[in-house]
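A.B. asks: Sending over protein-v9.csv (CSV, C-alpha atoms and all ligand atoms).
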chain,number,residue,atom,x,y,z
D,1,MET,CA,-8.0,-26.6,-11.2
D,2,PHE,CA,-7.1,-23.0,-12.1
D,3,ASP,CA,-4.0,-22.1,-13.9
D,4,VAL,CA,-3.6,-19.0,-11.6
D,5,VAL,CA,-5.3,-17.8,-8.5
D,6,ILE,CA,-4.5,-14.2,-7.7
D,7,ILE,CA,-5.0,-13.2,-4.0
D,8,GLY,CA,-5.8,-9.5,-3.7
D,9,GLY,CA,-7.7,-7.2,-6.1
D,10,GLY,CA,-5.8,-4.0,-6.0
D,11,PRO,CA,-3.9,-2.6,-8.9
D,12,ALA,CA,-1.2,-5.3,-8.6
D,13,GLY,CA,-3.7,-8.2,-8.5
D,14,MET,CA,-5.9,-6.8,-11.2
D,15,SER,CA,-3.0,-6.1,-13.6
D,16,ALA,CA,-1.7,-9.6,-13.0
D,17,ALA,CA,-5.1,-11.0,-13.7
D,18,LEU,CA,-5.5,-9.0,-16.9
D,19,VAL,CA,-2.2,-10.1,-18.4
D,20,ALA,CA,-2.5,-13.7,-17.4
D,21,GLY,CA,-6.2,-13.9,-18.5
D,22,ARG,CA,-5.3,-12.3,-21.9
D,23,GLY,CA,-2.6,-15.0,-22.1
D,24,LYS,CA,-5.3,-17.7,-22.1
D,25,GLN,CA,-4.7,-18.7,-18.5
D,26,ASN,CA,-7.7,-19.8,-16.5
D,27,VAL,CA,-7.6,-17.1,-13.8
D,28,LEU,CA,-9.4,-16.6,-10.5
D,29,LEU,CA,-9.0,-13.3,-8.6
D,30,ILE,CA,-10.0,-13.5,-4.9
D,31,ASP,CA,-10.3,-10.2,-3.1
D,32,GLU,CA,-11.6,-9.3,0.3
D,33,GLU,CA,-12.0,-5.6,-0.8
D,34,LYS,CA,-10.1,-3.9,2.0
D,35,PRO,CA,-7.4,-1.8,0.2
D,36,ARG,CA,-5.0,0.5,2.1
D,37,ASN,CA,-6.2,3.6,0.2
D,38,ALA,CA,-9.9,3.0,1.0
D,39,VAL,CA,-9.8,6.0,3.4
D,40,THR,CA,-9.0,8.5,0.8
D,41,LYS,CA,-11.2,10.4,-1.6
D,42,GLU,CA,-8.9,10.8,-4.6
D,43,SER,CA,-5.9,8.9,-6.0
D,44,HIS,CA,-3.2,10.8,-7.8
D,45,ALA,CA,-0.4,10.3,-10.3
D,46,PHE,CA,-1.7,7.3,-12.2
D,47,LEU,CA,-1.5,8.4,-15.8
D,48,THR,CA,-4.9,8.9,-17.4
D,49,ARG,CA,-6.6,8.4,-14.0
D,50,ASP,CA,-5.2,11.3,-12.0
D,51,GLY,CA,-7.7,12.4,-9.3
D,52,ILE,CA,-9.9,9.3,-9.6
D,53,LYS,CA,-11.8,8.0,-6.6
D,54,PRO,CA,-10.3,4.7,-5.3
D,55,GLU,CA,-13.6,2.8,-5.6
D,56,GLU,CA,-14.1,4.0,-9.2
D,57,PHE,CA,-10.5,2.9,-10.0
D,58,ARG,CA,-11.3,-0.6,-8.7
D,59,GLU,CA,-14.7,-0.7,-10.5
D,60,LYS,CA,-13.0,0.2,-13.8
D,61,GLY,CA,-10.4,-2.4,-13.2
D,62,ARG,CA,-12.9,-5.1,-12.6
D,63,GLN,CA,-14.9,-4.1,-15.7
D,64,ASP,CA,-11.7,-4.6,-17.7
D,65,LEU,CA,-11.2,-8.1,-16.2
D,66,LEU,CA,-14.8,-9.2,-16.7
D,67,LYS,CA,-14.5,-8.7,-20.5
D,68,TYR,CA,-12.5,-11.9,-20.6
D,69,PRO,CA,-14.2,-15.3,-20.1
D,70,SER,CA,-10.8,-16.6,-18.8
D,71,ILE,CA,-11.0,-14.4,-15.7
D,72,SER,CA,-13.4,-14.8,-12.8
D,73,ILE,CA,-13.6,-12.8,-9.5
D,74,LYS,CA,-14.6,-14.0,-6.1
D,75,ASN,CA,-15.1,-11.7,-3.1
D,76,ASP,CA,-13.6,-13.7,-0.2
D,77,ARG,CA,-10.6,-13.9,2.0
D,78,VAL,CA,-7.9,-16.6,1.6
D,79,ARG,CA,-7.1,-18.0,5.0
D,80,ALA,CA,-4.6,-20.8,4.2
D,81,ILE,CA,-2.5,-22.2,1.4
D,82,VAL,CA,-1.0,-25.7,1.3
D,83,LYS,CA,1.4,-27.0,-1.3
D,84,LEU,CA,0.4,-30.4,-2.5
D,85,THR,CA,2.7,-33.3,-3.6
D,86,ASP,CA,2.1,-32.7,-7.3
D,87,ASP,CA,3.4,-29.1,-6.8
D,88,SER,CA,-0.1,-27.6,-7.1
D,89,PHE,CA,-1.7,-25.6,-4.3
D,90,GLU,CA,-4.8,-25.8,-2.3
D,91,LEU,CA,-6.3,-22.6,-0.9
D,92,THR,CA,-8.9,-22.4,1.8
D,93,THR,CA,-11.1,-19.3,2.0
D,94,GLN,CA,-13.0,-17.6,4.9
D,95,SER,CA,-16.3,-18.9,3.4
D,96,GLY,CA,-14.9,-22.4,3.7
D,97,VAL,CA,-14.3,-23.1,0.0
D,98,ASN,CA,-11.3,-25.1,-1.1
D,99,ILE,CA,-9.7,-24.1,-4.4
D,100,HIS,CA,-6.9,-25.8,-6.4
D,101,THR,CA,-4.5,-24.0,-8.6
D,102,LYS,CA,-1.2,-24.5,-10.4
D,103,ASN,CA,0.1,-21.0,-9.7
D,104,ILE,CA,-0.6,-18.2,-7.2
D,105,VAL,CA,0.1,-14.5,-7.3
D,106,LEU,CA,0.2,-12.9,-3.8
D,107,ALA,CA,-1.0,-9.3,-4.2
D,108,THR,CA,-2.5,-8.7,-0.8
D,109,GLY,CA,-0.9,-5.2,-0.2
D,110,LEU,CA,-0.2,-3.8,3.3
D,111,LYS,CA,-2.0,-2.9,6.4
D,112,GLU,CA,-1.0,0.2,8.3
D,113,THR,CA,-1.1,1.6,11.8
D,114,LEU,CA,-1.4,5.3,12.3
D,115,PRO,CA,0.6,7.3,14.9
D,116,ASP,CA,-0.6,7.2,18.5
D,117,VAL,CA,-2.7,10.4,18.2
D,118,LYS,CA,-6.3,10.5,19.4
D,119,SER,CA,-8.9,10.5,16.5
D,120,ILE,CA,-6.2,10.9,13.7
D,121,GLU,CA,-8.2,8.3,11.7
D,122,HIS,CA,-10.9,11.0,11.2
D,123,TYR,CA,-8.4,13.2,9.3
D,124,TYR,CA,-6.3,10.5,7.6
D,125,GLY,CA,-7.1,10.4,3.9
D,126,THR,CA,-8.9,13.8,3.9
D,127,SER,CA,-6.3,16.3,5.2
D,128,ILE,CA,-3.6,14.1,6.7
D,129,PHE,CA,-1.7,11.7,4.4
D,130,SER,CA,1.4,9.5,4.4
D,131,CYS,CA,2.8,9.8,0.9
D,132,PRO,CA,3.9,13.2,-0.4
D,133,PHE,CA,4.2,11.8,-4.0
D,134,CYS,CA,0.5,10.9,-3.8
D,135,ASP,CA,-0.9,14.0,-2.0
D,136,GLY,CA,1.9,16.6,-1.8
D,137,TRP,CA,0.6,18.7,-4.7
D,138,GLU,CA,-2.9,19.0,-3.1
D,139,MET,CA,-1.4,20.0,0.3
D,140,LYS,CA,1.2,22.5,-0.9
D,141,GLU,CA,-0.7,25.7,0.0
D,142,HIS,CA,-1.6,24.4,3.5
D,143,SER,CA,0.2,25.0,6.8
D,144,LEU,CA,1.5,21.5,7.4
D,145,ILE,CA,2.4,19.3,10.3
D,146,LEU,CA,4.5,16.2,9.9
D,147,ILE,CA,4.0,13.6,12.7
D,148,ILE,CA,6.9,11.2,13.0
D,149,GLU,CA,7.4,9.0,16.0
D,150,SER,CA,10.8,7.5,15.1
D,151,ILE,CA,14.0,8.4,13.4
D,152,GLN,CA,13.2,6.0,10.5
D,153,ALA,CA,10.7,8.5,9.2
D,154,PHE,CA,13.0,11.6,9.4
D,155,HIS,CA,13.6,11.5,5.7
D,156,LEU,CA,10.0,12.7,5.2
D,157,THR,CA,11.1,16.1,6.5
D,158,LYS,CA,13.5,16.7,3.6
D,159,LEU,CA,10.9,15.4,1.1
D,160,LEU,CA,8.1,17.6,2.4
D,161,LYS,CA,10.3,20.7,2.1
D,162,ASN,CA,9.9,20.1,-1.7
D,163,TRP,CA,6.2,21.0,-1.4
D,164,THR,CA,6.1,23.6,1.4
D,165,ASP,CA,8.0,26.2,3.4
D,166,ASP,CA,5.4,26.1,6.2
D,167,LEU,CA,6.2,22.9,8.0
D,168,VAL,CA,6.2,21.9,11.7
D,169,ILE,CA,7.6,18.6,12.8
D,170,ALA,CA,5.9,16.9,15.8
D,171,THR,CA,7.4,13.8,17.4
D,172,ASN,CA,4.4,13.2,19.7
D,173,GLY,CA,6.4,12.9,22.9
D,174,ASN,CA,9.2,10.9,21.4
D,175,TYR,CA,12.8,12.1,21.8
D,176,PHE,CA,15.0,10.6,19.0
D,177,LEU,CA,16.5,13.6,17.2
D,178,ASN,CA,20.1,14.5,18.1
D,179,SER,CA,21.4,18.1,18.4
D,180,GLU,CA,22.8,18.1,14.8
D,181,GLN,CA,19.4,17.1,13.3
D,182,LYS,CA,17.7,19.8,15.5
D,183,GLU,CA,20.2,22.4,14.2
D,184,ASN,CA,19.5,21.3,10.6
D,185,LEU,CA,15.7,21.7,11.2
D,186,ALA,CA,16.3,25.2,12.5
D,187,LEU,CA,18.6,26.0,9.5
D,188,ASN,CA,15.7,25.1,7.2
D,189,ASN,CA,13.1,27.1,9.2
D,190,ILE,CA,11.3,24.0,10.4
D,191,ARG,CA,9.9,24.2,13.9
D,192,LEU,CA,10.3,21.1,16.0
D,193,ILE,CA,7.7,20.2,18.7
D,194,GLU,CA,8.6,17.2,20.8
D,195,ASP,CA,5.6,17.4,23.2
D,196,LYS,CA,2.8,14.9,23.1
D,197,ILE,CA,-0.2,15.8,20.9
D,198,VAL,CA,-3.4,15.7,23.0
D,199,GLU,CA,-6.0,16.7,20.4
D,200,LEU,CA,-6.6,17.3,16.7
D,201,LYS,CA,-9.4,19.8,16.0
D,202,GLY,CA,-11.3,20.1,12.7
D,203,ASP,CA,-14.5,19.5,10.9
D,204,GLN,CA,-15.4,16.6,8.6
D,205,GLY,CA,-11.8,15.4,8.3
D,206,GLN,CA,-10.4,18.8,7.6
D,207,LEU,CA,-7.7,19.6,10.1
D,208,GLN,CA,-7.8,23.1,11.7
D,209,SER,CA,-5.4,22.9,14.7
D,210,VAL,CA,-3.2,20.6,16.8
D,211,THR,CA,-3.2,20.9,20.6
D,212,PHE,CA,-0.1,19.8,22.5
D,213,GLU,CA,0.2,18.8,26.2
D,214,THR,CA,1.8,22.2,27.0
D,215,GLY,CA,-1.6,23.7,26.1
D,216,GLU,CA,-0.4,25.3,22.9
D,217,GLU,CA,-3.0,25.1,20.1
D,218,LEU,CA,-1.2,25.4,16.8
D,219,VAL,CA,-3.1,26.3,13.6
D,220,ARG,CA,-2.4,23.6,11.0
D,221,THR,CA,-4.7,22.9,8.0
D,222,GLY,CA,-3.1,19.7,6.8
D,223,GLY,CA,-0.4,17.2,7.5
D,224,PHE,CA,1.5,14.1,6.8
D,225,CYS,CA,2.4,11.2,9.1
D,226,ALA,CA,4.6,8.2,9.1
D,227,THR,CA,2.6,5.0,9.4
D,228,VAL,CA,3.8,1.5,10.5
D,229,LEU,CA,3.3,-0.9,7.7
D,230,ASP,CA,2.6,-4.6,8.1
D,231,ASN,CA,2.2,-7.4,5.6
D,232,THR,CA,1.9,-10.3,8.1
D,233,LEU,CA,0.0,-13.1,6.4
D,234,PRO,CA,0.1,-16.5,7.9
D,235,PHE,CA,0.8,-18.2,4.6
D,236,ILE,CA,4.1,-16.3,4.0
D,237,GLU,CA,5.6,-18.1,7.0
D,238,GLN,CA,3.8,-21.4,6.5
D,239,LEU,CA,5.1,-21.7,2.9
D,240,GLY,CA,8.6,-20.5,3.8
D,241,ILE,CA,8.6,-17.6,1.3
D,242,GLU,CA,11.8,-15.5,1.4
D,243,VAL,CA,11.4,-12.0,2.7
D,244,ASN,CA,13.9,-9.2,3.0
D,245,ASP,CA,15.2,-7.4,6.2
D,246,PHE,CA,12.0,-5.3,6.3
D,247,GLY,CA,9.7,-8.3,6.1
D,248,TYR,CA,8.6,-7.7,2.5
D,249,ILE,CA,8.6,-10.6,0.0
D,250,THR,CA,11.6,-10.6,-2.3
D,251,THR,CA,11.0,-11.2,-6.1
D,252,ASP,CA,12.8,-10.9,-9.3
D,253,MET,CA,11.6,-8.7,-12.2
D,254,MET,CA,9.0,-11.3,-13.2
D,255,GLY,CA,7.5,-11.6,-9.8
D,256,HIS,CA,9.0,-15.0,-8.9
D,257,THR,CA,9.3,-15.6,-5.2
D,258,SER,CA,11.6,-18.2,-3.7
D,259,ILE,CA,8.8,-20.8,-4.1
D,260,PRO,CA,8.2,-22.1,-7.6
D,261,GLY,CA,4.6,-21.4,-8.7
D,262,ILE,CA,4.2,-18.5,-6.3
D,263,TYR,CA,4.6,-15.0,-7.6
D,264,ALA,CA,4.2,-11.7,-5.7
D,265,ALA,CA,3.4,-8.2,-6.8
D,266,GLY,CA,2.5,-4.8,-5.4
D,267,GLU,CA,3.0,-3.5,-1.9
D,268,ILE,CA,3.5,-7.0,-0.4
D,269,THR,CA,7.0,-6.6,-1.9
D,270,GLY,CA,7.4,-3.1,-0.4
D,271,PRO,CA,5.4,0.2,0.0
D,272,SER,CA,4.8,2.0,-3.3
D,273,GLN,CA,2.1,3.6,-5.4
D,274,LEU,CA,-0.8,2.5,-7.6
D,275,ILE,CA,1.1,2.7,-10.9
D,276,VAL,CA,4.1,0.8,-9.5
D,277,SER,CA,2.0,-1.9,-8.0
D,278,ALA,CA,0.1,-2.2,-11.3
D,279,SER,CA,3.3,-2.6,-13.3
D,280,GLN,CA,4.6,-5.2,-10.9
D,281,GLY,CA,1.3,-7.1,-11.3
D,282,HIS,CA,1.7,-6.8,-15.1
D,283,MET,CA,5.2,-8.3,-14.9
D,284,ALA,CA,4.0,-11.2,-12.7
D,285,GLY,CA,1.4,-11.9,-15.4
D,286,ILE,CA,4.1,-12.0,-18.0
D,287,GLY,CA,6.2,-14.2,-15.7
D,288,ILE,CA,3.4,-16.8,-15.5
D,289,ILE,CA,2.9,-16.9,-19.2
D,290,ALA,CA,6.6,-17.1,-19.9
D,291,ASP,CA,7.0,-20.0,-17.5
D,292,SER,CA,4.0,-21.8,-18.8
D,293,SER,CA,5.1,-21.4,-22.4
D,294,GLU,CA,8.6,-22.7,-21.5
D,295,ALA,CA,7.1,-25.7,-19.8
D,296,HIS,CA,4.7,-26.6,-22.7
D,297,PHE,CA,7.1,-26.0,-25.7
D,298,LEU,CA,8.1,-29.4,-27.1
D,299,THR,CA,11.8,-30.0,-27.4
D,300,LYS,CA,13.7,-33.1,-28.7
K,401,LIG,C1,-4.3,7.4,2.4
K,401,LIG,C2,-3.6,6.8,1.2
K,401,LIG,C3,-3.6,7.6,0.0
K,401,LIG,C4,-3.0,7.0,-1.1
K,401,LIG,N1,-2.9,7.8,-2.2
K,401,LIG,C5,-2.3,7.3,-3.3
K,401,LIG,C6,-2.3,8.1,-4.5
K,401,LIG,O1,-2.9,9.2,-4.6
K,401,LIG,N2,-1.6,7.6,-5.6
K,401,LIG,C7,-1.0,6.4,-5.5
K,401,LIG,O2,-0.4,6.0,-6.5
K,401,LIG,N3,-1.0,5.6,-4.4
K,401,LIG,C8,-1.7,6.0,-3.3
K,401,LIG,N4,-1.7,5.3,-2.2
K,401,LIG,C9,-1.0,4.0,-2.2
K,401,LIG,C10,-1.8,2.9,-2.9
K,401,LIG,O3,-3.0,2.8,-2.2
K,401,LIG,C11,-1.0,1.6,-2.9
K,401,LIG,O4,0.3,1.8,-3.4
K,401,LIG,C12,-1.7,0.5,-3.7
K,401,LIG,O5,-3.1,0.4,-3.3
K,401,LIG,C13,-1.0,-0.8,-3.6
K,401,LIG,O6,-1.7,-1.7,-4.4
K,401,LIG,P1,-1.7,-3.3,-4.1
K,401,LIG,O7,-2.4,-3.9,-5.2
K,401,LIG,O8,-0.4,-3.8,-3.7
K,401,LIG,O9,-2.5,-3.4,-2.7
K,401,LIG,P2,-4.0,-2.9,-2.3
K,401,LIG,O10,-4.5,-1.9,-3.3
K,401,LIG,O11,-4.0,-2.6,-0.9
K,401,LIG,O12,-4.9,-4.2,-2.6
K,401,LIG,C14,-4.7,-5.4,-1.8
K,401,LIG,C15,-6.0,-6.1,-1.8
K,401,LIG,O13,-5.8,-7.4,-1.3
K,401,LIG,C16,-6.9,-7.8,-0.4
K,401,LIG,N5,-6.4,-8.8,0.5
K,401,LIG,C17,-5.5,-8.8,1.5
K,401,LIG,N6,-5.4,-10.0,2.1
K,401,LIG,C18,-6.2,-10.8,1.4
K,401,LIG,C19,-6.6,-12.2,1.6
K,401,LIG,N7,-6.0,-12.9,2.5
K,401,LIG,N8,-7.5,-12.7,0.8
K,401,LIG,C20,-8.1,-12.0,-0.2
K,401,LIG,N9,-7.8,-10.7,-0.4
K,401,LIG,C21,-6.9,-10.1,0.4
K,401,LIG,C22,-7.2,-6.5,0.3
K,401,LIG,O14,-8.4,-6.5,0.9
K,401,LIG,C23,-7.1,-5.5,-0.9
K,401,LIG,O15,-8.3,-5.4,-1.6
K,401,LIG,C24,-2.3,5.8,-1.1
K,401,LIG,C25,-2.3,5.0,0.1
K,401,LIG,C26,-3.0,5.6,1.2
K,401,LIG,C27,-3.0,4.8,2.5
For the structure just supplied, provide its representation as structure tokens.

C.D. replies:
Amino acid sequence: MFDVVIIGGGPAGMSAALVAGRGKQNVLLIDEEKPRNAVTKESHAFLTRDGIKPEEFREKGRQDLLKYPSISIKNDRVRAIVKLTDDSFELTTQSGVNIHTKNIVLATGLKETLPDVKSIEHYYGTSIFSCPFCDGWEMKEHSLILIIESIQAFHLTKLLKNWTDDLVIATNGNYFLNSEQKENLALNNIRLIEDKIVELKGDQGQLQSVTFETGEELVRTGGFCATVLDNTLPFIEQLGIEVNDFGYITTDMMGHTSIPGIYAAGEITGPSQLIVSASQGHMAGIGIIADSSEAHFLTK
């Protein structure tokens, strides 16, 4: 029986493992190694690791964990979690292994769907990105396109103005902007194109132009897009874990979910960045040790 099984080996899961393992908990980290940022070449804005390759970041994280005999790592996918009558949990993995644990940290991150634009996946992570805080600095000298397919992503327009004055908004055949919003775009010198995008042209992920159904080929050397994020995991529903209106798991500062013994950290609680996810994992690790210490401290 493990004290803690952590599901997901991104910054959230690895930080939770590090803190819990250093707190003398018997920790197992299970990771299927499909992080959201695997498509990109560099990660930015993590203090002391700015510009690091995502795989190097993970490798360094794992090296930190493996210094501690209290922590082990298994490459696998958790398929199901069942709560047992003694309040412990049984996990079943893709490889068919059953694992028992007193506590669980869910740190499985998010999956994302890109806009409905042919071959955008060839450019995503190289010259088209989704998070201006992560990649805005690197793209600030480029002629940029922002692809948004719904009004929910309109706020990205204002954010991107922080990095560039050369911005075109493309709604890819979707008509959701009202006349006031269009006037505001014009006031800010932002061109709006509502026609469908038929082609992205470029070389080795480096965008060169965007072709619209009108036949116009617009030179653009980079861009951002709004992605649809999804954290659907069967066990969130099976266990009845509370989620907010956007479907993300709700927690307190220490990572407690609505189910005792289950903690959550990182993007499964809402989209963020590496350093934020790492800090949430750190807090979940503290939460586990604080709860365990409380339970084991003898009182009259
Ligand atoms: C293109 C792109 C560029 C980015 N650039 C930056 C950047 O420059 N700076 C920055 O701070 N952030 C960046 N981000 C965001 C960053 O990737 C996330 O904030 C961060 O990875 C979230 O960490 P996490 O630990 O919550 O999830 P993840 O890092 O996604 O890790 C979750 C892990 O859980 C595993 N997992 C999922 N389900 C299971 C299961 N059932 N069983 C076992 N394992 C499972 C996944 O395979 C994955 O390895 C970028 C994101 C993208 C998409």

A.B. asks: What does the distance between atom CA of Ser119 of chain D and atom CA of Glu42 of chain D come to in Å, to one decimal place?

C.D. replies: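 Computed distance, atom CA of Ser119 of chain D to atom CA of Glu42 of chain D, equals 21.1 Å.
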
A.B. asks: Which is closer to Leu200 of chain D than all the others in D:Asp135, D:Glu121, D:Asp3, D:Glu267, using all atoms listed in the file?

C.D. replies: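 Smallest distance to Leu200 of chain D is found for D:Glu121.
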
A.B. asks: Using atom CA of Thr40 of chain D and atom CA of Pro54 of chain D as the two end points, give the distance in Å to one decimal.

C.D. replies: 7.3 Å

A.B. asks: Mind dumping a table of every chain D residue within 7 Å of ligand LIG 401 (chain K), with the nearest atom pair and its distance in Å to one decimal, using all atoms listed in the file, sorted by chain and rising number, as JSON lines?

C.D. replies:
{"residue": "D:Ile7", "atom": "CA", "partner": "K:LIG401", "partner_atom": "C20", "distance": 5.0}
{"residue": "D:Gly8", "atom": "CA", "partner": "K:LIG401", "partner_atom": "O13", "distance": 3.2}
{"residue": "D:Gly9", "atom": "CA", "partner": "K:LIG401", "partner_atom": "C15", "distance": 4.8}
{"residue": "D:Gly10", "atom": "CA", "partner": "K:LIG401", "partner_atom": "O7", "distance": 3.5}
{"residue": "D:Pro11", "atom": "CA", "partner": "K:LIG401", "partner_atom": "O7", "distance": 4.2}
{"residue": "D:Ala12", "atom": "CA", "partner": "K:LIG401", "partner_atom": "O7", "distance": 3.9}
{"residue": "D:Gly13", "atom": "CA", "partner": "K:LIG401", "partner_atom": "O7", "distance": 5.6}
{"residue": "D:Ile30", "atom": "CA", "partner": "K:LIG401", "partner_atom": "C20", "distance": 5.3}
{"residue": "D:Asp31", "atom": "CA", "partner": "K:LIG401", "partner_atom": "N9", "distance": 3.7}
{"residue": "D:Glu32", "atom": "CA", "partner": "K:LIG401", "partner_atom": "N9", "distance": 4.1}
{"residue": "D:Glu33", "atom": "CA", "partner": "K:LIG401", "partner_atom": "O15", "distance": 3.8}
{"residue": "D:Lys34", "atom": "CA", "partner": "K:LIG401", "partner_atom": "O14", "distance": 3.3}
{"residue": "D:Pro35", "atom": "CA", "partner": "K:LIG401", "partner_atom": "O11", "distance": 3.7}
{"residue": "D:Arg36", "atom": "CA", "partner": "K:LIG401", "partner_atom": "O11", "distance": 4.4}
{"residue": "D:Asn37", "atom": "CA", "partner": "K:LIG401", "partner_atom": "C26", "distance": 3.9}
{"residue": "D:Val39", "atom": "CA", "partner": "K:LIG401", "partner_atom": "C1", "distance": 5.8}
{"residue": "D:Thr40", "atom": "CA", "partner": "K:LIG401", "partner_atom": "C1", "distance": 5.1}
{"residue": "D:Glu42", "atom": "CA", "partner": "K:LIG401", "partner_atom": "O1", "distance": 6.2}
{"residue": "D:Ser43", "atom": "CA", "partner": "K:LIG401", "partner_atom": "O1", "distance": 3.3}
{"residue": "D:His44", "atom": "CA", "partner": "K:LIG401", "partner_atom": "O1", "distance": 3.6}
{"residue": "D:Ala45", "atom": "CA", "partner": "K:LIG401", "partner_atom": "N2", "distance": 5.6}
{"residue": "D:Phe46", "atom": "CA", "partner": "K:LIG401", "partner_atom": "O2", "distance": 6.0}
{"residue": "D:Asp76", "atom": "CA", "partner": "K:LIG401", "partner_atom": "C20", "distance": 5.8}
{"residue": "D:Arg77", "atom": "CA", "partner": "K:LIG401", "partner_atom": "N8", "distance": 3.5}
{"residue": "D:Val78", "atom": "CA", "partner": "K:LIG401", "partner_atom": "N8", "distance": 4.0}
{"residue": "D:Arg79", "atom": "CA", "partner": "K:LIG401", "partner_atom": "N7", "distance": 5.8}
{"residue": "D:Ala107", "atom": "CA", "partner": "K:LIG401", "partner_atom": "O8", "distance": 5.6}
{"residue": "D:Thr108", "atom": "CA", "partner": "K:LIG401", "partner_atom": "O13", "distance": 3.6}
{"residue": "D:Gly109", "atom": "CA", "partner": "K:LIG401", "partner_atom": "O9", "distance": 3.5}
{"residue": "D:Leu110", "atom": "CA", "partner": "K:LIG401", "partner_atom": "O11", "distance": 5.8}
{"residue": "D:Tyr124", "atom": "CA", "partner": "K:LIG401", "partner_atom": "C1", "distance": 6.4}
{"residue": "D:Gly125", "atom": "CA", "partner": "K:LIG401", "partner_atom": "C1", "distance": 4.4}
{"residue": "D:Phe129", "atom": "CA", "partner": "K:LIG401", "partner_atom": "C1", "distance": 5.4}
{"residue": "D:Ser130", "atom": "CA", "partner": "K:LIG401", "partner_atom": "C1", "distance": 6.4}
{"residue": "D:Cys131", "atom": "CA", "partner": "K:LIG401", "partner_atom": "C4", "distance": 6.7}
{"residue": "D:Cys134", "atom": "CA", "partner": "K:LIG401", "partner_atom": "O1", "distance": 3.9}
{"residue": "D:Asp135", "atom": "CA", "partner": "K:LIG401", "partner_atom": "O1", "distance": 5.8}
{"residue": "D:Ala265", "atom": "CA", "partner": "K:LIG401", "partner_atom": "O8", "distance": 6.6}
{"residue": "D:Gly266", "atom": "CA", "partner": "K:LIG401", "partner_atom": "O8", "distance": 3.5}
{"residue": "D:Glu267", "atom": "CA", "partner": "K:LIG401", "partner_atom": "O8", "distance": 3.9}
{"residue": "D:Ile268", "atom": "CA", "partner": "K:LIG401", "partner_atom": "O8", "distance": 6.0}
{"residue": "D:Pro271", "atom": "CA", "partner": "K:LIG401", "partner_atom": "O4", "distance": 6.3}
{"residue": "D:Ser272", "atom": "CA", "partner": "K:LIG401", "partner_atom": "O4", "distance": 4.5}
{"residue": "D:Gln273", "atom": "CA", "partner": "K:LIG401", "partner_atom": "O4", "distance": 3.2}
{"residue": "D:Leu274", "atom": "CA", "partner": "K:LIG401", "partner_atom": "O2", "distance": 3.7}
{"residue": "D:Ile275", "atom": "CA", "partner": "K:LIG401", "partner_atom": "O2", "distance": 5.7}
{"residue": "D:Ser277", "atom": "CA", "partner": "K:LIG401", "partner_atom": "O6", "distance": 5.2}
{"residue": "D:Ala278", "atom": "CA", "partner": "K:LIG401", "partner_atom": "O7", "distance": 6.8}

A.B. asks: Do you know which residues lie at most 10 Å from (-6.1, -24.6, -4.8), with coordinates as in the file and all atoms listed in the file counted, and could you write them as an mmCIF file with C-alpha atoms, in the coordinates of the input?

C.D. replies:
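That gives us out-v6.cif:
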data_model
loop_
_atom_site.group_PDB
_atom_site.id
_atom_site.type_symbol
_atom_site.label_atom_id
_atom_site.label_comp_id
_atom_site.auth_asym_id
_atom_site.auth_seq_id
_atom_site.Cartn_x
_atom_site.Cartn_y
_atom_site.Cartn_z
ATOM 1 C CA MET D 1 -8.000 -26.600 -11.200
ATOM 2 C CA PHE D 2 -7.100 -23.000 -12.100
ATOM 3 C CA ASP D 3 -4.000 -22.100 -13.900
ATOM 4 C CA VAL D 4 -3.600 -19.000 -11.600
ATOM 5 C CA VAL D 5 -5.300 -17.800 -8.500
ATOM 6 C CA ALA D 80 -4.600 -20.800 4.200
ATOM 7 C CA ILE D 81 -2.500 -22.200 1.400
ATOM 8 C CA VAL D 82 -1.000 -25.700 1.300
ATOM 9 C CA LYS D 83 1.400 -27.000 -1.300
ATOM 10 C CA LEU D 84 0.400 -30.400 -2.500
ATOM 11 C CA SER D 88 -0.100 -27.600 -7.100
ATOM 12 C CA PHE D 89 -1.700 -25.600 -4.300
ATOM 13 C CA GLU D 90 -4.800 -25.800 -2.300
ATOM 14 C CA LEU D 91 -6.300 -22.600 -0.900
ATOM 15 C CA THR D 92 -8.900 -22.400 1.800
ATOM 16 C CA THR D 93 -11.100 -19.300 2.000
ATOM 17 C CA VAL D 97 -14.300 -23.100 0.000
ATOM 18 C CA ASN D 98 -11.300 -25.100 -1.100
ATOM 19 C CA ILE D 99 -9.700 -24.100 -4.400
ATOM 20 C CA HIS D 100 -6.900 -25.800 -6.400
ATOM 21 C CA THR D 101 -4.500 -24.000 -8.600
ATOM 22 C CA LYS D 102 -1.200 -24.500 -10.400
ATOM 23 C CA ASN D 103 0.100 -21.000 -9.700
ATOM 24 C CA ILE D 104 -0.600 -18.200 -7.200
#

A.B. asks: With a distance cut-off of 8 Å and all atoms listed in the file, select the neighbouring residues of segment 253-264 of chain D, excluding the residue or stretch itself and same-chain residues fewer than 5 positions from it, and output the selection as a VMD selection string.

C.D. replies: chain D and resid 88 102 to 107 239 to 242 269 280 to 281 283 to 287

A.B. asks: Quick one: distance from atom CA of Val198 of chain D to atom CA of Ala186 of chain D in Å, one decimal?

C.D. replies: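 Rounded to one decimal, the two atoms are 24.3 Å apart.
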
A.B. asks: Give the answer as one residue: which of D:Cys225, D:Ala170, D:Ala17, D:Ile120 has the shortest atom-to-atom distance to Leu156 of chain D, using only C-alpha atoms?

C.D. replies: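 Checking each candidate against Leu156 of chain D, we get D:Cys225 as the closest.
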
A.B. asks: Distance table requested - segment 148-177 of chain D against segment 205-215 of chain D, cut-off 12 Å, all atoms listed in the file: one row per qualifying residue with the closest atom pair and its distance in Å to one decimal, ordered by chain and rising residue number, as CSV.

C.D. replies:
residue,atom,partner,partner_atom,distance
D:Val168,CA,D:Val210,CA,10.8
D:Ile169,CA,D:Val210,CA,11.7
D:Ala170,CA,D:Phe212,CA,9.4
D:Thr171,CA,D:Phe212,CA,10.9
D:Asn172,CA,D:Phe212,CA,8.5
D:Gly173,CA,D:Glu213,CA,9.2
